[in-house]
>>> print(open('run06.cif').read())   # mmCIF, C-alpha atoms
data_input
loop_
_atom_site.label_atom_id
_atom_site.label_comp_id
_atom_site.auth_asym_id
_atom_site.auth_seq_id
_atom_site.Cartn_x
_atom_site.Cartn_y
_atom_site.Cartn_z
CA MET A 1 -200.64 -102.61 -90.81
CA GLY A 2 -196.88 -102.96 -91.40
CA GLU A 3 -194.67 -100.86 -93.64
CA ASN A 4 -195.10 -101.36 -97.39
CA VAL A 5 -191.84 -103.03 -98.47
CA TYR A 6 -192.55 -102.21 -102.12
CA LEU A 7 -192.82 -98.47 -101.49
CA PRO A 8 -189.48 -96.65 -101.88
CA LYS A 9 -188.32 -93.87 -99.60
CA VAL A 10 -187.27 -90.65 -101.32
CA ALA A 11 -183.65 -89.49 -101.32
CA GLU A 12 -181.97 -86.38 -102.67
CA ILE A 13 -178.75 -86.55 -104.68
CA ILE A 14 -176.21 -84.32 -102.93
CA GLU A 15 -173.09 -85.21 -104.95
CA ILE A 16 -172.22 -86.96 -108.22
CA ILE A 17 -168.67 -88.08 -108.94
CA ASP A 18 -167.68 -88.92 -112.53
CA GLU A 19 -165.43 -91.92 -111.98
CA ILE A 20 -164.87 -93.15 -115.55
CA GLY A 21 -166.05 -91.89 -118.94
CA GLY A 22 -166.70 -93.65 -122.21
CA ALA A 23 -168.97 -96.55 -123.16
CA ARG A 24 -168.53 -98.20 -119.75
CA ALA A 25 -168.90 -94.97 -117.80
CA ILE A 26 -169.23 -95.14 -114.02
CA LYS A 27 -170.66 -92.52 -111.69
CA THR A 28 -170.83 -92.45 -107.92
CA PHE A 29 -173.96 -90.98 -106.36
CA ARG A 30 -174.09 -89.71 -102.79
CA VAL A 31 -177.59 -89.28 -101.45
CA LYS A 32 -179.38 -88.34 -98.26
CA MET A 33 -182.90 -89.28 -97.26
CA LEU A 34 -185.40 -86.50 -97.92
CA ASP A 35 -187.13 -87.21 -94.62
CA GLU A 36 -184.52 -87.57 -91.87
CA ALA A 37 -186.85 -90.02 -90.14
CA ASP A 38 -186.27 -92.37 -93.10
CA ASP A 39 -182.54 -92.78 -92.42
CA PHE A 40 -181.67 -96.46 -92.40
CA THR A 41 -178.89 -98.54 -90.94
CA TYR A 42 -177.14 -101.14 -93.07
CA GLU A 43 -174.24 -103.57 -93.12
CA CYS A 44 -171.25 -103.84 -95.43
CA GLY A 45 -172.28 -105.82 -98.49
CA GLN A 46 -175.99 -105.06 -98.38
CA CYS A 47 -177.81 -103.62 -101.39
CA ALA A 48 -180.52 -101.14 -102.26
CA MET A 49 -183.14 -101.04 -104.96
CA LEU A 50 -182.69 -97.62 -106.59
CA SER A 51 -185.58 -96.24 -108.63
CA VAL A 52 -185.82 -93.40 -111.11
CA PHE A 53 -189.47 -92.48 -111.02
CA GLY A 54 -191.21 -93.39 -114.25
CA LYS A 55 -188.22 -95.38 -115.52
CA GLY A 56 -187.83 -98.37 -113.21
CA GLU A 57 -185.55 -99.65 -110.46
CA ALA A 58 -182.35 -101.67 -110.19
CA MET A 59 -180.41 -103.39 -107.42
CA ILE A 60 -177.18 -101.55 -106.58
CA SER A 61 -174.61 -102.33 -103.89
CA ILE A 62 -174.17 -99.84 -101.07
CA SER A 63 -170.53 -98.79 -101.32
CA SER A 64 -170.31 -96.43 -98.35
CA SER A 65 -169.42 -97.64 -94.87
CA PRO A 66 -172.12 -97.96 -92.20
CA LEU A 67 -169.85 -95.62 -90.21
CA THR A 68 -170.29 -92.86 -92.81
CA GLU A 69 -172.41 -89.93 -91.70
CA GLY A 70 -174.35 -87.54 -93.92
CA TYR A 71 -174.82 -89.65 -97.02
CA VAL A 72 -175.18 -93.13 -98.51
CA GLN A 73 -173.09 -93.93 -101.58
CA PHE A 74 -173.78 -95.96 -104.72
CA SER A 75 -171.51 -96.52 -107.74
CA VAL A 76 -173.28 -97.30 -111.02
CA MET A 77 -172.03 -98.42 -114.44
CA LYS A 78 -173.97 -97.20 -117.47
CA SER A 79 -175.43 -100.39 -118.91
CA GLY A 80 -179.23 -100.40 -119.16
CA ARG A 81 -182.48 -98.42 -118.98
CA VAL A 82 -182.36 -97.61 -115.29
CA SER A 83 -178.64 -96.76 -115.22
CA LEU A 84 -179.12 -94.47 -118.23
CA ALA A 85 -181.92 -92.73 -116.35
CA LEU A 86 -179.69 -92.41 -113.28
CA PHE A 87 -176.93 -90.89 -115.39
CA ALA A 88 -179.38 -88.22 -116.58
CA LEU A 89 -180.02 -87.04 -113.01
CA GLU A 90 -178.28 -84.08 -111.43
CA VAL A 91 -177.45 -82.87 -107.94
CA GLY A 92 -180.71 -81.85 -106.28
CA ASP A 93 -182.79 -84.44 -108.13
CA TYR A 94 -184.62 -87.20 -106.29
CA LEU A 95 -184.61 -90.97 -106.54
CA GLY A 96 -186.32 -93.80 -104.68
CA ILE A 97 -184.58 -96.22 -102.34
CA ARG A 98 -185.75 -99.56 -100.95
CA ALA A 99 -183.07 -100.64 -98.52
CA PRO A 100 -181.26 -102.28 -96.92
CA LEU A 101 -181.75 -105.55 -98.81
CA GLY A 102 -179.98 -108.90 -98.55
CA ASN A 103 -177.38 -109.98 -96.02
CA GLY A 104 -174.02 -108.41 -95.26
CA PHE A 105 -170.43 -109.39 -94.60
CA PRO A 106 -169.89 -110.54 -90.99
CA VAL A 107 -167.30 -107.84 -90.31
CA LYS A 108 -167.94 -108.01 -86.55
CA GLU A 109 -166.94 -111.68 -86.55
CA TRP A 110 -163.72 -110.78 -88.38
CA GLU A 111 -162.41 -108.49 -85.65
CA GLY A 112 -158.90 -109.49 -84.64
CA LYS A 113 -158.17 -110.99 -88.06
CA ASN A 114 -156.23 -109.78 -91.08
CA LEU A 115 -158.33 -108.70 -94.07
CA LEU A 116 -157.40 -109.47 -97.67
CA ILE A 117 -159.76 -107.63 -100.03
CA VAL A 118 -159.68 -108.40 -103.76
CA GLY A 119 -161.63 -106.43 -106.36
CA GLY A 120 -161.83 -105.92 -110.09
CA GLY A 121 -163.36 -102.99 -111.99
CA ILE A 122 -166.62 -101.76 -110.51
CA GLY A 123 -166.56 -104.92 -108.39
CA ILE A 124 -164.59 -102.89 -105.86
CA ALA A 125 -167.84 -101.09 -104.91
CA PRO A 126 -169.43 -103.81 -102.74
CA VAL A 127 -166.20 -104.34 -100.79
CA TRP A 128 -165.16 -100.68 -100.57
CA SER A 129 -167.42 -100.40 -97.53
CA ILE A 130 -165.31 -103.07 -95.80
CA VAL A 131 -162.12 -101.10 -96.46
CA GLN A 132 -163.63 -97.92 -95.01
CA THR A 133 -165.21 -99.71 -92.05
CA ALA A 134 -161.97 -101.49 -91.14
CA LEU A 135 -160.06 -98.21 -91.32
CA GLY A 136 -162.73 -96.52 -89.21
CA LYS A 137 -162.22 -99.21 -86.55
CA ARG A 138 -158.52 -99.72 -87.21
CA GLU A 139 -157.73 -101.07 -83.76
CA SER A 140 -160.22 -103.93 -84.28
CA TYR A 141 -158.41 -105.54 -87.24
CA GLY A 142 -154.98 -106.84 -88.10
CA ASP A 143 -153.21 -106.18 -91.40
CA ILE A 144 -155.38 -104.86 -94.23
CA SER A 145 -154.46 -105.60 -97.85
CA LEU A 146 -156.28 -104.48 -100.99
CA TYR A 147 -155.68 -106.05 -104.40
CA TYR A 148 -157.51 -104.10 -107.09
CA GLY A 149 -157.30 -104.54 -110.84
CA ALA A 150 -158.59 -102.66 -113.88
CA ARG A 151 -158.16 -102.93 -117.63
CA THR A 152 -156.16 -99.68 -117.74
CA SER A 153 -154.92 -97.09 -115.26
CA GLU A 154 -157.95 -94.97 -116.17
CA GLY A 155 -160.27 -97.82 -115.22
CA PHE A 156 -159.90 -97.49 -111.45
CA ILE A 157 -162.72 -95.89 -109.50
CA TYR A 158 -162.33 -94.09 -106.16
CA LYS A 159 -158.98 -92.68 -107.33
CA ASP A 160 -158.82 -90.09 -104.55
CA GLY A 161 -159.63 -92.74 -101.97
CA LEU A 162 -156.98 -95.07 -103.37
CA ALA A 163 -154.37 -92.33 -103.15
CA GLU A 164 -155.19 -91.90 -99.46
CA LEU A 165 -154.87 -95.66 -98.84
CA LYS A 166 -151.23 -95.86 -99.91
CA ASP A 167 -149.99 -94.88 -96.46
CA GLN A 168 -152.64 -96.80 -94.51
CA ILE A 169 -152.80 -100.33 -95.89
CA SER A 170 -150.97 -102.70 -98.26
CA LEU A 171 -152.27 -101.49 -101.64
CA ASN A 172 -151.65 -103.67 -104.70
CA LEU A 173 -152.97 -102.20 -107.96
CA SER A 174 -152.73 -103.93 -111.32
CA ILE A 175 -153.70 -103.34 -114.95
CA ASP A 176 -154.26 -105.95 -117.62
CA ALA A 177 -151.65 -104.85 -120.17
CA GLU A 178 -148.46 -102.80 -120.40
CA GLU A 179 -149.01 -99.06 -120.35
CA GLU A 180 -146.56 -96.19 -120.62
CA GLY A 181 -145.90 -94.63 -117.24
CA TRP A 182 -147.34 -97.52 -115.23
CA ASP A 183 -144.87 -98.90 -112.69
CA GLY A 184 -147.25 -101.24 -110.85
CA TYR A 185 -148.12 -104.86 -111.52
CA VAL A 186 -149.12 -105.81 -115.08
CA GLY A 187 -151.42 -108.81 -115.33
CA PHE A 188 -154.70 -110.10 -114.02
CA VAL A 189 -155.66 -109.88 -110.36
CA PRO A 190 -155.52 -113.65 -109.69
CA SER A 191 -151.93 -113.72 -111.00
CA ASN A 192 -151.00 -110.79 -108.77
CA LEU A 193 -152.16 -112.83 -105.78
CA LEU A 194 -149.93 -115.74 -106.73
CA ASP A 195 -147.04 -113.34 -107.29
CA LYS A 196 -147.38 -111.63 -103.88
CA LYS A 197 -148.41 -114.81 -101.99
CA PRO A 198 -150.43 -113.33 -99.10
CA SER A 199 -150.50 -115.56 -96.05
CA PRO A 200 -153.74 -117.30 -95.06
CA GLU A 201 -152.79 -117.27 -91.37
CA ASN A 202 -155.54 -115.59 -89.32
CA THR A 203 -156.82 -113.96 -92.53
CA ILE A 204 -160.22 -113.51 -94.15
CA ALA A 205 -160.25 -113.05 -97.95
CA ILE A 206 -163.10 -111.14 -99.59
CA THR A 207 -163.46 -110.84 -103.37
CA CYS A 208 -165.84 -109.19 -105.82
CA GLY A 209 -165.55 -108.46 -109.52
CA PRO A 210 -166.31 -110.07 -112.88
CA PRO A 211 -167.37 -113.72 -112.43
CA ILE A 212 -164.33 -115.03 -114.29
CA MET A 213 -162.06 -113.03 -111.99
CA ILE A 214 -163.82 -114.33 -108.88
CA LYS A 215 -163.48 -117.89 -110.15
CA PHE A 216 -159.70 -117.69 -110.51
CA VAL A 217 -159.20 -115.56 -107.39
CA ILE A 218 -160.90 -118.27 -105.33
CA GLN A 219 -158.91 -120.96 -107.13
CA ASN A 220 -155.62 -119.18 -106.41
CA LEU A 221 -156.56 -118.42 -102.80
CA SER A 222 -157.06 -122.15 -102.36
CA VAL A 223 -153.61 -122.77 -103.85
CA LEU A 224 -152.20 -120.32 -101.30
CA GLY A 225 -153.74 -122.33 -98.47
CA PHE A 226 -156.96 -120.42 -97.73
CA SER A 227 -159.77 -122.68 -96.56
CA ASP A 228 -163.29 -122.44 -97.99
CA GLU A 229 -164.47 -120.88 -94.73
CA GLN A 230 -161.88 -118.09 -95.03
CA ILE A 231 -163.13 -116.91 -98.45
CA TYR A 232 -166.16 -114.67 -99.00
CA THR A 233 -167.73 -113.28 -102.17
CA THR A 234 -170.97 -111.84 -103.51
CA VAL A 235 -173.45 -113.17 -106.06
CA GLU A 236 -174.96 -110.68 -108.47
CA ASN A 237 -177.77 -112.67 -110.03
CA LYS A 238 -180.46 -110.55 -111.67
CA MET A 239 -182.59 -109.21 -108.83
CA LYS A 240 -186.03 -107.85 -109.63
CA CYS A 241 -188.00 -107.55 -106.39
CA GLY A 242 -185.20 -107.70 -103.84
CA ILE A 243 -187.28 -109.51 -101.21
CA GLY A 244 -187.44 -113.12 -102.42
CA LYS A 245 -190.84 -112.99 -104.12
CA CYS A 246 -190.22 -112.93 -107.88
CA GLY A 247 -187.75 -115.82 -108.10
CA ARG A 248 -185.50 -114.10 -110.63
CA CYS A 249 -182.31 -114.50 -108.61
CA ASN A 250 -182.71 -118.07 -107.44
CA ILE A 251 -179.78 -120.43 -106.96
CA GLY A 252 -181.65 -123.68 -106.67
CA LYS A 253 -184.11 -123.16 -103.82
CA ASP A 254 -182.31 -120.10 -102.41
CA TYR A 255 -182.54 -116.47 -103.49
CA ALA A 256 -179.48 -114.26 -103.85
CA CYS A 257 -181.45 -111.23 -102.65
CA THR A 258 -182.37 -112.78 -99.29
CA LYS A 259 -179.90 -115.53 -98.37
CA GLY A 260 -177.20 -113.55 -100.19
CA PRO A 261 -175.74 -111.69 -101.92
CA VAL A 262 -172.87 -112.45 -99.51
CA PHE A 263 -171.73 -116.06 -99.19
CA SER A 264 -168.66 -117.78 -97.88
CA TRP A 265 -167.13 -120.08 -100.48
CA ALA A 266 -167.95 -122.98 -98.15
CA GLU A 267 -171.65 -122.04 -98.44
CA LEU A 268 -171.66 -121.16 -102.11
CA LYS A 269 -169.97 -124.32 -103.36
CA GLN A 270 -172.81 -126.36 -101.79
CA LEU A 271 -175.39 -124.59 -103.96
CA PRO A 272 -176.24 -125.62 -107.55
CA GLN A 273 -173.50 -124.36 -109.87
CA GLU A 274 -175.96 -122.50 -112.08
CA TYR A 275 -175.24 -118.90 -111.18
#
>>> encode(input="run06.cif", output="C-alpha cells")
Amino acid sequence: MGENVYLPKVAEIIEIIDEIGGARAIKTFRVKMLDEADDFTYECGQCAMLSVFGKGEAMISISSSPLTEGYVQFSVMKSGRVSLALFALEVGDYLGIRAPLGNGFPVKEWEGKNLLIVGGGIGIAPVWSIVQTALGKRESYGDISLYYGARTSEGFIYKDGLAELKDQISLNLSIDAEEEGWDGYVGFVPSNLLDKKPSPENTIAITCGPPIMIKFVIQNLSVLGFSDEQIYTTVENKMKCGIGKCGRCNIGKDYACTKGPVFSWAELKQLPQEY
C-alpha cells in the first residue's frame, strides 16, 4: 500500500523570526523534520500544507531555497484560525507538514538568462527562494534584479537578507507614500518598473504579491516589451486539500494546487478569468 498523502509528517520548529508586528504581523518559521528519513526535496515555488494539531491546516509557500541545508522556511501572516495557532507556537514545538505540493518555477530552464523578480508585501515569500537559488548558483544566471515594495519601510520582511543583497544584485525597494528618512523610490511597484525600465532582452520576469499589484506589474511588463512567455506568477486560490480532490481552488477545469500555483502569463491568460 502506498504512502498516505493525507497524513502529515512531523517537524520541529528550530527558529522563529518576528518580521513585522501589528495587526498584519508576519513571522518566519524555520523547521526541520523530526525524523531525518522524512526530509523532502522541493522546487522553488512549491507549497506545503502546514498543520497545527487540533486546530487545522493551511497552504503556505516554501520560502527557503532547495539549496538550503538544515531547515525549511515558511513565512506566515496572521490572518485566520490556523495562522493564529501557528503564532502561538514556540521554538521546540511541533507542527505537521504535507509537502511538497503543486508545481514549481522552471529555474533550470532559466539558466543563462537574466532574472527580474518583482514582489509586494508578503508576496516576496514565494519568490525569495528564486533569489537565494540564483545566488547559490550565481554562475548559471545573468543579471539578477529584485523589485520589492511595501506600504512603509517597516513593512519589508527578510530585512537582514535584503541588506546582504545590496552588493550582490540590483535591488530596487519602494514604499507607497512619503516617509521621513526614506531615500528610495516612493510609489507603487508597477510604477517603479516603468520608471526604471528593465530590459526584456534574454530576461525572465517573475512576480508575486497582492492580486492588484500582479495585474499592473504584468500590464507594465507588457508595455516594456516582455512577452507572455517571459512572465511568470503564482495563483493563491483557497486550497483545502492540496492534491486536487476537494475542488476549492479550481480555475475552470484546472486546480491551482496541482497544475499550479506557478503559471506563465501565456498559460494563465488562457484559463477562465475567475480567479
>>> closest_residue(input="run06.cif", among="A:Ser79, A:Ser129, A:Asn103, A:Thr41", to="A:Ile62", atoms="only C-alpha atoms")
A:Ser129
>>> resolve_selection(input="run06.cif", expression="the PyMOL selection byres ((chain A and resi 42) around 12)", output="compact mmCIF listing (two decimals) with C-alpha atoms, in the frame of the given file")
# COMPACT_ATOMS: atom_id res chain seq x y z
CA ASP A 39 -182.54 -92.78 -92.42
CA PHE A 40 -181.67 -96.46 -92.40
CA THR A 41 -178.89 -98.54 -90.94
CA GLU A 43 -174.24 -103.57 -93.12
CA CYS A 44 -171.25 -103.84 -95.43
CA GLY A 45 -172.28 -105.82 -98.49
CA GLN A 46 -175.99 -105.06 -98.38
CA CYS A 47 -177.81 -103.62 -101.39
CA ALA A 48 -180.52 -101.14 -102.26
CA SER A 61 -174.61 -102.33 -103.89
CA ILE A 62 -174.17 -99.84 -101.07
CA SER A 63 -170.53 -98.79 -101.32
CA SER A 64 -170.31 -96.43 -98.35
CA SER A 65 -169.42 -97.64 -94.87
CA PRO A 66 -172.12 -97.96 -92.20
CA LEU A 67 -169.85 -95.62 -90.21
CA THR A 68 -170.29 -92.86 -92.81
CA VAL A 72 -175.18 -93.13 -98.51
CA GLN A 73 -173.09 -93.93 -101.58
CA ARG A 98 -185.75 -99.56 -100.95
CA ALA A 99 -183.07 -100.64 -98.52
CA PRO A 100 -181.26 -102.28 -96.92
CA LEU A 101 -181.75 -105.55 -98.81
CA GLY A 102 -179.98 -108.90 -98.55
CA ASN A 103 -177.38 -109.98 -96.02
CA GLY A 104 -174.02 -108.41 -95.26
CA PHE A 105 -170.43 -109.39 -94.60
CA SER A 129 -167.42 -100.40 -97.53
>>> resolve_selection(input="run06.cif", expression="the PyMOL selection byres ((chain A and resi 84) around 12)", output="list in words")
Ala23, Arg24, Ala25, Ile26, Lys27, Ser51, Val52, Lys55, Gly56, Glu57, Ala58, Val76, Met77, Lys78, Ser79, Gly80, Arg81, Val82, Ser83, Ala85, Leu86, Phe87, Ala88 and Leu89 of chain A
>>> residues_around(input="run06.cif", residues="A:Ile14", least_positions_apart="6", cutoff="9 Å", atoms="only C-alpha atoms", output="ChimeraX atom specification")
/A:29-32,71,90-93
>>> resolve_selection(input="run06.cif", expression="the PyMOL selection byres ((chain A and resi 95) around 7)", output="JSON, numbers by chain")
{"A": [10, 11, 12, 50, 51, 52, 53, 93, 94, 96, 97]}
